[in-house]
$ cat final-v7.csv   # CSV, C-alpha atoms
chain,number,residue,atom,x,y,z
C,1,MET,CA,87.6,10.8,194.1
C,2,SER,CA,89.3,8.6,191.5
C,3,SER,CA,89.0,9.4,187.8
C,4,LYS,CA,87.1,6.1,187.4
C,5,SER,CA,84.4,7.1,189.9
C,6,VAL,CA,84.2,10.6,188.4
C,7,LEU,CA,83.4,9.0,185.0
C,8,GLN,CA,80.9,6.7,186.5
C,9,ASN,CA,79.2,9.6,188.2
C,10,LEU,CA,79.2,11.6,185.0
C,11,PHE,CA,77.8,8.8,182.9
C,12,HIS,CA,75.2,7.7,185.4
C,13,GLY,CA,71.9,7.1,183.7
C,14,SER,CA,70.3,10.4,184.6
C,15,ARG,CA,73.5,12.4,183.8
C,16,LEU,CA,73.9,10.7,180.4
C,17,LYS,CA,70.2,11.5,179.7
C,18,LEU,CA,70.9,15.1,180.5
C,19,ILE,CA,73.9,15.2,178.2
C,20,LEU,CA,71.8,13.8,175.4
C,21,LYS,CA,69.1,16.4,176.0
C,22,GLY,CA,71.7,19.1,176.1
C,23,PHE,CA,73.0,17.8,172.7
C,24,CYS,CA,69.5,18.2,171.3
C,25,VAL,CA,69.2,21.8,172.8
C,26,GLY,CA,72.6,22.7,171.2
C,27,SER,CA,71.6,21.2,167.9
C,28,ALA,CA,68.4,23.3,167.8
C,29,ASP,CA,70.5,26.5,168.5
C,30,VAL,CA,72.4,25.8,165.3
C,31,VAL,CA,69.2,25.9,163.2
C,32,PRO,CA,68.0,29.3,162.1
C,33,GLY,CA,64.4,29.8,163.3
C,34,VAL,CA,64.6,27.2,166.0
C,35,SER,CA,65.5,28.1,169.6
C,36,GLY,CA,67.2,26.1,172.3
C,37,GLY,CA,64.2,27.0,174.5
C,38,THR,CA,61.9,25.2,172.1
C,39,MET,CA,63.9,22.0,172.3
C,40,ALA,CA,64.2,22.3,176.1
C,41,PHE,CA,60.4,22.6,176.3
C,42,ILE,CA,59.9,19.6,174.0
C,43,LEU,CA,62.2,17.5,176.2
C,44,GLY,CA,60.4,18.5,179.4
C,45,ILE,CA,63.4,20.3,181.1
C,46,TYR,CA,62.2,23.8,180.5
C,47,PRO,CA,60.9,24.7,184.0
C,48,GLN,CA,64.0,23.1,185.6
C,49,LEU,CA,66.3,25.0,183.2
C,50,ILE,CA,64.7,28.4,184.1
C,51,ASN,CA,64.9,27.7,187.8
C,52,ALA,CA,68.6,26.6,187.4
C,53,ILE,CA,69.4,29.8,185.6
C,54,LYS,CA,67.5,31.8,188.3
C,55,SER,CA,69.6,30.2,191.0
C,56,PHE,CA,72.5,32.5,190.1
C,57,ASP,CA,71.2,35.3,192.2
C,58,SER,CA,72.2,37.9,194.8
C,59,GLU,CA,72.4,35.2,197.5
C,60,TRP,CA,74.8,33.2,195.4
C,61,LEU,CA,76.9,36.4,194.8
C,62,ARG,CA,77.0,36.9,198.6
C,63,MET,CA,78.3,33.4,199.0
C,64,ILE,CA,81.1,34.2,196.5
C,65,PHE,CA,82.2,37.4,198.3
C,66,SER,CA,82.0,35.7,201.7
C,67,PHE,CA,84.1,32.7,200.4
C,68,ASN,CA,81.3,30.2,201.2
C,69,LEU,CA,82.6,27.5,198.9
C,70,LYS,CA,80.0,24.9,199.9
C,71,GLY,CA,77.1,27.4,199.2
C,72,MET,CA,78.7,28.5,195.9
C,73,ILE,CA,78.8,24.9,194.7
C,74,ASN,CA,75.5,23.7,196.2
C,75,ARG,CA,73.1,26.6,195.5
C,76,PRO,CA,73.0,26.5,191.7
C,77,ASP,CA,71.8,23.2,190.2
C,78,PHE,CA,75.2,22.2,188.7
C,79,GLY,CA,74.2,18.6,188.7
C,80,PHE,CA,71.7,19.6,186.0
C,81,LEU,CA,73.5,22.5,184.3
C,82,ILE,CA,76.9,20.8,183.8
C,83,PRO,CA,75.7,17.7,182.0
C,84,LEU,CA,73.3,19.8,180.0
C,85,GLY,CA,76.1,22.3,179.1
C,86,ILE,CA,78.4,19.4,178.1
C,87,GLY,CA,75.8,18.1,175.7
C,88,ALA,CA,75.0,21.6,174.3
C,89,VAL,CA,78.6,22.5,173.7
C,90,SER,CA,79.3,19.0,172.2
C,91,ALA,CA,76.4,19.6,169.7
C,92,LEU,CA,77.6,23.0,168.7
C,93,LEU,CA,81.1,21.6,168.0
C,94,PHE,CA,79.8,18.5,166.3
C,95,PHE,CA,77.4,20.3,164.0
C,96,THR,CA,79.8,23.1,163.1
C,97,ARG,CA,83.2,21.2,163.0
C,98,ILE,CA,82.4,17.6,162.1
C,99,VAL,CA,79.0,17.6,160.4
C,100,SER,CA,78.3,21.1,159.2
C,101,LEU,CA,74.6,21.5,160.0
C,102,PRO,CA,74.6,25.1,158.8
C,103,THR,CA,75.8,23.9,155.4
C,104,LEU,CA,73.2,21.1,155.3
C,105,ILE,CA,70.5,23.7,156.3
C,106,ARG,CA,71.6,25.7,153.2
C,107,THR,CA,71.9,22.8,150.8
C,108,GLN,CA,69.2,20.4,152.2
C,109,PRO,CA,66.8,22.7,154.1
C,110,GLU,CA,63.7,20.6,153.5
C,111,ILE,CA,65.3,17.5,155.1
C,112,ILE,CA,66.7,19.3,158.2
C,113,TYR,CA,63.7,21.5,158.8
C,114,GLY,CA,61.5,18.5,158.2
C,115,LEU,CA,62.9,16.8,161.3
C,116,PHE,CA,62.5,19.9,163.5
C,117,PHE,CA,59.0,20.5,162.1
C,118,GLY,CA,58.0,17.0,163.2
C,119,LEU,CA,59.5,17.5,166.6
C,120,VAL,CA,57.7,20.8,167.2
C,121,LEU,CA,54.4,19.6,165.7
C,122,GLY,CA,54.5,16.5,167.8
C,123,SER,CA,55.1,18.5,171.0
C,124,ILE,CA,52.1,20.8,170.1
C,125,VAL,CA,49.8,17.8,169.6
C,126,LEU,CA,50.9,16.2,172.9
C,127,LEU,CA,50.4,19.5,174.7
C,128,PHE,CA,46.9,19.7,173.4
C,129,ARG,CA,46.3,16.2,174.6
C,130,HIS,CA,47.7,17.0,178.1
C,131,LEU,CA,45.9,20.3,178.3
C,132,GLY,CA,42.5,18.8,177.5
C,133,LEU,CA,39.6,20.3,175.6
C,134,HIS,CA,38.0,21.9,178.7
C,135,LEU,CA,41.1,23.9,179.6
C,136,LEU,CA,41.7,24.9,176.0
C,137,LEU,CA,38.2,26.3,175.7
C,138,ASN,CA,38.2,28.1,179.0
C,139,ARG,CA,41.6,29.7,178.6
C,140,SER,CA,41.9,29.8,174.8
C,141,LEU,CA,42.8,33.6,175.0
C,142,PHE,CA,46.3,32.8,176.3
C,143,PHE,CA,46.9,30.4,173.4
C,144,ILE,CA,45.6,32.9,170.9
C,145,LEU,CA,47.8,35.6,172.4
C,146,GLY,CA,50.8,33.3,172.1
C,147,ILE,CA,50.1,32.7,168.4
C,148,LEU,CA,49.6,36.5,167.8
C,149,PHE,CA,52.8,37.5,169.6
C,150,GLY,CA,54.8,34.7,168.0
C,151,GLY,CA,53.4,35.5,164.5
C,152,PHE,CA,54.2,39.2,165.0
C,153,VAL,CA,57.8,38.4,165.9
C,154,VAL,CA,58.6,35.8,163.2
C,155,THR,CA,57.0,37.9,160.4
C,156,MET,CA,58.5,41.3,161.3
C,157,VAL,CA,60.3,43.0,158.4
C,158,PRO,CA,64.0,43.7,159.3
C,159,ALA,CA,64.4,47.4,160.2
C,160,SER,CA,67.1,50.0,160.2
C,161,THR,CA,68.3,50.4,163.8
C,162,PRO,CA,70.8,52.6,165.7
C,163,ASP,CA,74.3,51.6,166.6
C,164,ASP,CA,74.3,53.3,170.0
C,165,SER,CA,75.5,51.3,173.1
C,166,TRP,CA,72.0,51.4,174.7
C,167,PHE,CA,70.5,49.7,171.7
C,168,ILE,CA,73.3,47.1,171.6
C,169,PHE,CA,72.6,46.4,175.2
C,170,LEU,CA,68.9,46.0,174.4
C,171,CYS,CA,69.7,43.7,171.5
C,172,GLY,CA,71.7,41.4,173.9
C,173,ALA,CA,68.8,41.3,176.4
C,174,ILE,CA,66.2,40.7,173.8
C,175,ALA,CA,68.2,38.0,171.9
C,176,ILE,CA,69.0,36.0,175.0
C,177,SER,CA,65.4,36.3,176.2
C,178,ALA,CA,64.2,35.0,172.8
C,179,MET,CA,66.6,32.0,173.1
C,180,ILE,CA,65.2,31.2,176.5
C,181,LEU,CA,61.6,31.5,175.2
C,182,PRO,CA,60.4,28.5,173.2
C,183,GLY,CA,59.4,29.2,169.6
C,184,ILE,CA,61.6,32.2,168.9
C,185,SER,CA,65.2,32.2,167.7
C,186,GLY,CA,67.8,34.6,169.2
C,187,SER,CA,69.8,34.7,166.0
C,188,PHE,CA,66.6,35.6,164.1
C,189,ILE,CA,65.9,38.5,166.5
C,190,LEU,CA,69.4,39.9,165.8
C,191,LEU,CA,68.8,39.6,162.1
C,192,MET,CA,65.4,41.3,162.5
C,193,LEU,CA,67.1,44.1,164.5
C,194,LYS,CA,69.7,44.4,161.8
C,195,LYS,CA,72.5,43.8,164.3
C,196,TYR,CA,73.6,40.2,163.4
C,197,ALA,CA,76.5,41.3,161.2
C,198,TYR,CA,77.3,44.4,163.3
C,199,ILE,CA,77.7,42.4,166.5
C,200,PHE,CA,79.5,39.4,165.0
C,201,ASN,CA,81.9,41.6,163.1
C,202,ALA,CA,82.6,43.3,166.5
C,203,ILE,CA,83.3,39.9,168.1
C,204,GLY,CA,85.6,38.9,165.2
C,205,HIS,CA,87.5,42.2,165.5
C,206,PHE,CA,87.5,42.3,169.4
C,207,ASP,CA,85.7,45.6,169.4
C,208,PHE,CA,84.9,45.8,173.1
C,209,SER,CA,83.0,49.0,172.7
C,210,ILE,CA,80.3,46.9,171.2
C,211,ILE,CA,81.0,43.5,172.8
C,212,ILE,CA,80.8,44.8,176.4
C,213,PRO,CA,77.3,46.4,176.2
C,214,PHE,CA,76.1,43.3,174.3
C,215,ILE,CA,77.4,40.9,177.0
C,216,LEU,CA,75.9,43.2,179.7
C,217,GLY,CA,72.6,43.0,177.9
C,218,ILE,CA,72.8,39.2,177.8
C,219,ILE,CA,73.5,39.0,181.5
C,220,THR,CA,70.7,41.4,182.3
C,221,GLY,CA,68.3,39.5,180.0
C,222,ILE,CA,69.1,36.1,181.7
C,223,VAL,CA,68.8,37.5,185.2
C,224,LEU,CA,65.5,39.4,184.6
C,225,PHE,CA,63.7,37.2,182.1
C,226,SER,CA,64.5,33.9,183.8
C,227,ARG,CA,62.9,35.3,187.0
C,228,VAL,CA,59.8,36.5,185.1
C,229,LEU,CA,59.4,33.1,183.5
C,230,SER,CA,59.9,31.3,186.8
C,231,TYR,CA,57.3,33.5,188.4
C,232,LEU,CA,54.8,32.9,185.6
C,233,LEU,CA,55.3,29.2,185.7
C,234,GLU,CA,54.9,29.1,189.4
C,235,LYS,CA,51.8,31.4,189.7
C,236,PHE,CA,50.1,31.1,186.3
C,237,TYR,CA,51.3,27.7,185.1
C,238,GLN,CA,48.4,26.8,182.8
C,239,GLN,CA,48.2,30.2,181.3
C,240,THR,CA,51.9,30.3,180.6
C,241,ILE,CA,51.9,26.8,179.1
C,242,LEU,CA,49.0,27.8,176.8
C,243,PHE,CA,50.9,31.0,175.8
C,244,ILE,CA,54.1,29.0,175.1
C,245,THR,CA,52.0,26.5,173.1
C,246,GLY,CA,50.8,29.4,171.0
C,247,LEU,CA,54.4,30.5,170.4
C,248,LEU,CA,55.3,27.0,169.3
C,249,THR,CA,52.3,27.0,166.9
C,250,ALA,CA,53.4,30.3,165.4
C,251,SER,CA,57.0,29.1,165.0
C,252,ILE,CA,55.7,26.4,162.5
C,253,TYR,CA,55.5,29.3,160.0
C,254,VAL,CA,59.3,29.5,159.8
C,255,ILE,CA,60.1,25.8,160.5
C,256,TRP,CA,57.8,24.5,157.7
C,257,PRO,CA,60.4,22.8,155.5
C,258,PHE,CA,59.1,24.1,152.1
C,259,GLN,CA,60.0,27.7,152.0
C,260,VAL,CA,61.4,30.3,149.5
C,261,ARG,CA,64.4,31.4,151.6
C,262,LEU,CA,66.4,34.6,151.2
C,263,TYR,CA,70.0,34.7,152.4
C,264,GLU,CA,72.4,37.6,153.1
C,265,VAL,CA,76.2,37.3,153.1
C,266,ILE,CA,77.4,38.2,156.6
C,267,ARG,CA,81.1,37.9,157.3
C,268,GLU,CA,81.6,35.9,154.1
C,269,LYS,CA,78.9,33.4,155.1
C,270,GLU,CA,75.3,33.2,153.9
C,271,ARG,CA,72.7,33.8,156.7
C,272,LEU,CA,69.0,33.3,156.5
C,273,ILE,CA,67.2,36.7,156.7
C,274,SER,CA,63.6,35.8,155.5
C,275,SER,CA,61.5,32.9,154.2
C,276,SER,CA,58.0,32.4,152.7
C,277,PRO,CA,56.3,29.0,153.0
C,278,TYR,CA,54.8,27.2,150.0
C,279,ILE,CA,53.1,23.9,149.3
C,280,PRO,CA,55.2,21.7,146.9
C,281,GLU,CA,53.4,21.0,143.6
C,282,VAL,CA,55.7,18.1,142.6
C,283,PHE,CA,56.1,15.0,144.8
C,284,ASN,CA,59.7,14.1,144.2
C,285,SER,CA,62.3,12.2,146.3
C,286,GLN,CA,63.3,15.4,148.2
C,287,VAL,CA,59.7,16.0,149.3
C,288,PHE,CA,59.3,12.3,150.2
C,289,THR,CA,62.4,12.5,152.4
C,290,SER,CA,61.3,15.7,154.1
C,291,ILE,CA,57.9,14.1,154.9
C,292,ALA,CA,59.7,11.0,156.2
C,293,MET,CA,61.8,13.3,158.5
C,294,MET,CA,58.7,15.0,159.8
C,295,LEU,CA,57.2,11.6,160.7
C,296,ILE,CA,60.5,10.6,162.4
C,297,GLY,CA,60.4,13.8,164.5
C,298,LEU,CA,56.8,13.2,165.3
C,299,VAL,CA,57.4,9.6,166.4
C,300,LEU,CA,60.4,10.6,168.5
C,301,VAL,CA,58.3,13.1,170.5
C,302,ILE,CA,55.6,10.5,171.0
C,303,MET,CA,58.1,7.9,172.2
C,304,LEU,CA,59.7,10.4,174.5
C,305,ASP,CA,56.3,11.3,176.0
C,306,ARG,CA,55.4,7.6,176.4
C,307,TYR,CA,58.6,6.3,177.9
C,308,SER,CA,60.1,9.3,179.7
C,309,GLY,CA,58.9,10.8,182.9
C,310,ASP,CA,60.5,14.2,182.0
C,311,THR,CA,58.1,15.7,179.5
C,312,VAL,CA,56.0,18.7,180.4
C,313,THR,CA,52.9,18.0,182.5
C,314,ILE,CA,49.9,20.2,182.9
C,315,LYS,CA,49.0,21.0,186.5
C,316,ASN,CA,45.3,20.9,187.4

$ encode --input "final-v7.csv" --output "structure tokens"
Amino acid sequence: MSSKSVLQNLFHGSRLKLILKGFCVGSADVVPGVSGGTMAFILGIYPQLINAIKSFDSEWLRMIFSFNLKGMINRPDFGFLIPLGIGAVSALLFFTRIVSLPTLIRTQPEIIYGLFFGLVLGSIVLLFRHLGLHLLLNRSLFFILGILFGGFVVTMVPASTPDDSWFIFLCGAIAISAMILPGISGSFILLMLKKYAYIFNAIGHFDFSIIIPFILGIITGIVLFSRVLSYLLEKFYQQTILFITGLLTASIYVIWPFQVRLYEVIREKERLISSSPYIPEVFNSQVFTSIAMMLIGLVLVIMLDRYSGDTVTIKN
């Protein structure tokens, strides 16, 4: 296949759309308090993402060991994962190397969080509309459980935790599960478990006694949790969507742009460790800009829902 045909295939309309969505997912991962799973859910690719991750299973491993090249390539949904991965990596590089989103979050948090608040709020409103009043009333328990669980996680006080390998393994599994689950940030989980600095210092100093159990935990979390979510979405779709909607609703607490934020210096960089929301008393240009960004995020989600066939739908 010529290089020209490869580029044409990569930048085919659907592929380019996936790259852009991957860019949005990667951008969300840069923002403390926002998970890539949240953005994947908003963009309507969440079930497909979970199923694509789940395709790396024992059957795929058997194909590798039996040198079944065709099966190795065709079983996982690489047509979905590769463009999405290109977009996500591009976002991480762009917002850390070219436009420092972490710096903007620190210096202009109201503006950056305003946009994400609008995106999340818009997705919640649209989900309510798709769910319908009848379903909300009949199965409101799952929505309430989602709010309670999400609220418990995002408001937990950081604790003192052990440095044993079993706990580092657990941190990796929990953090990656949180990144997959909409509404909860994996980096926030590591901060909450008091292992953010510990693990990133280990990575910076190539301390494999810490890195190896952490990576094994990540792999275990992806393998197990993606299957749990896939099963729930297949067997209990409405209940799972209601629970996830509750998680998104709870995440508003930390995404609300007007917060008193506390930072901790970790590896010579300031990292967000806690925040408390407040209502601004003075309507200045910064507040106006933040509200404008909320409206932009809200409009973007509404436009996506109206003109794209990829948003989350509610099965009857």

$ closest_residue --input "final-v7.csv" --among "C:Phe116, C:Tyr253, C:Tyr196, C:Phe208" --to "Val154 of chain C" --atoms "all atoms listed in the file"
C:Tyr253

$ atom_distance --input "final-v7.csv" --atom1 "atom CA of Ser226 of chain C" --atom2 "atom CA of Ile180 of chain C"
7.8 Å

$ atom_distance --input "final-v7.csv" --atom1 "atom CA of Leu247 of chain C" --atom2 "atom CA of Gly151 of chain C"
7.8 Å

$ atom_distance --input "final-v7.csv" --atom1 "atom CA of Ile64 of chain C" --atom2 "atom CA of Gly217 of chain C"
22.3 Å

$ residues_around --input "final-v7.csv" --residues "segment 82-99 of chain C" --least-positions-apart "3" --cutoff "8 Å" --atoms "all atoms listed in the file" --output "VMD selection string"
chain C and resid 10 15 to 16 18 to 27 29 to 30 78 to 79 102

$ write_last_selection --input "final-v7.csv" --atoms "C-alpha atoms" --output "PDB file, in the frame of the given file"
ATOM      1  CA  LEU C  10      79.200  11.600 185.000  1.00  0.00           C
ATOM      2  CA  ARG C  15      73.500  12.400 183.800  1.00  0.00           C
ATOM      3  CA  LEU C  16      73.900  10.700 180.400  1.00  0.00           C
ATOM      4  CA  LEU C  18      70.900  15.100 180.500  1.00  0.00           C
ATOM      5  CA  ILE C  19      73.900  15.200 178.200  1.00  0.00           C
ATOM      6  CA  LEU C  20      71.800  13.800 175.400  1.00  0.00           C
ATOM      7  CA  LYS C  21      69.100  16.400 176.000  1.00  0.00           C
ATOM      8  CA  GLY C  22      71.700  19.100 176.100  1.00  0.00           C
ATOM      9  CA  PHE C  23      73.000  17.800 172.700  1.00  0.00           C
ATOM     10  CA  CYS C  24      69.500  18.200 171.300  1.00  0.00           C
ATOM     11  CA  VAL C  25      69.200  21.800 172.800  1.00  0.00           C
ATOM     12  CA  GLY C  26      72.600  22.700 171.200  1.00  0.00           C
ATOM     13  CA  SER C  27      71.600  21.200 167.900  1.00  0.00           C
ATOM     14  CA  ASP C  29      70.500  26.500 168.500  1.00  0.00           C
ATOM     15  CA  VAL C  30      72.400  25.800 165.300  1.00  0.00           C
ATOM     16  CA  PHE C  78      75.200  22.200 188.700  1.00  0.00           C
ATOM     17  CA  GLY C  79      74.200  18.600 188.700  1.00  0.00           C
ATOM     18  CA  PRO C 102      74.600  25.100 158.800  1.00  0.00           C
TER      19      PRO C 102
END

$ closest_atom_pairs --input "final-v7.csv" --of "segment 202-296 of chain C" --to "segment 147-150 of chain C" --cutoff "9 Å" --atoms "all atoms listed in the file" --output "CSV"
residue,atom,partner,partner_atom,distance
C:Phe243,CA,C:Ile147,CA,7.6
C:Ile244,CA,C:Ile147,CA,8.6
C:Thr245,CA,C:Ile147,CA,8.0
C:Gly246,CA,C:Ile147,CA,4.3
C:Leu247,CA,C:Gly150,CA,4.9
C:Leu248,CA,C:Ile147,CA,7.8
C:Thr249,CA,C:Ile147,CA,6.3
C:Ala250,CA,C:Ile147,CA,5.1
C:Ser251,CA,C:Gly150,CA,6.7

$ write_last_selection --input "final-v7.csv" --atoms "C-alpha atoms" --output "mmCIF file, keeping the file's coordinate frame"
data_model
loop_
_atom_site.group_PDB
_atom_site.id
_atom_site.type_symbol
_atom_site.label_atom_id
_atom_site.label_comp_id
_atom_site.auth_asym_id
_atom_site.auth_seq_id
_atom_site.Cartn_x
_atom_site.Cartn_y
_atom_site.Cartn_z
ATOM 1 C CA PHE C 243 50.900 31.000 175.800
ATOM 2 C CA ILE C 244 54.100 29.000 175.100
ATOM 3 C CA THR C 245 52.000 26.500 173.100
ATOM 4 C CA GLY C 246 50.800 29.400 171.000
ATOM 5 C CA LEU C 247 54.400 30.500 170.400
ATOM 6 C CA LEU C 248 55.300 27.000 169.300
ATOM 7 C CA THR C 249 52.300 27.000 166.900
ATOM 8 C CA ALA C 250 53.400 30.300 165.400
ATOM 9 C CA SER C 251 57.000 29.100 165.000
#

$ closest_residue --input "final-v7.csv" --among "C:Val265, C:Ile73, C:Ile241, C:Ile112" --to "Ala292 of chain C" --atoms "only C-alpha atoms"
C:Ile112

$ residues_around --input "final-v7.csv" --residues "Phe128 of chain C" --least-positions-apart "5" --cutoff "12 Å" --atoms "only C-alpha atoms" --output "list in words"
Leu121, Gly122, Ser123, Leu133, His134, Leu135, Leu136, Leu137, Ser140, Phe143, Gln238, Ile241, Leu242, Ile244, Thr245, Gly246, Leu248, Thr249, Val312, Thr313 and Ile314 of chain C
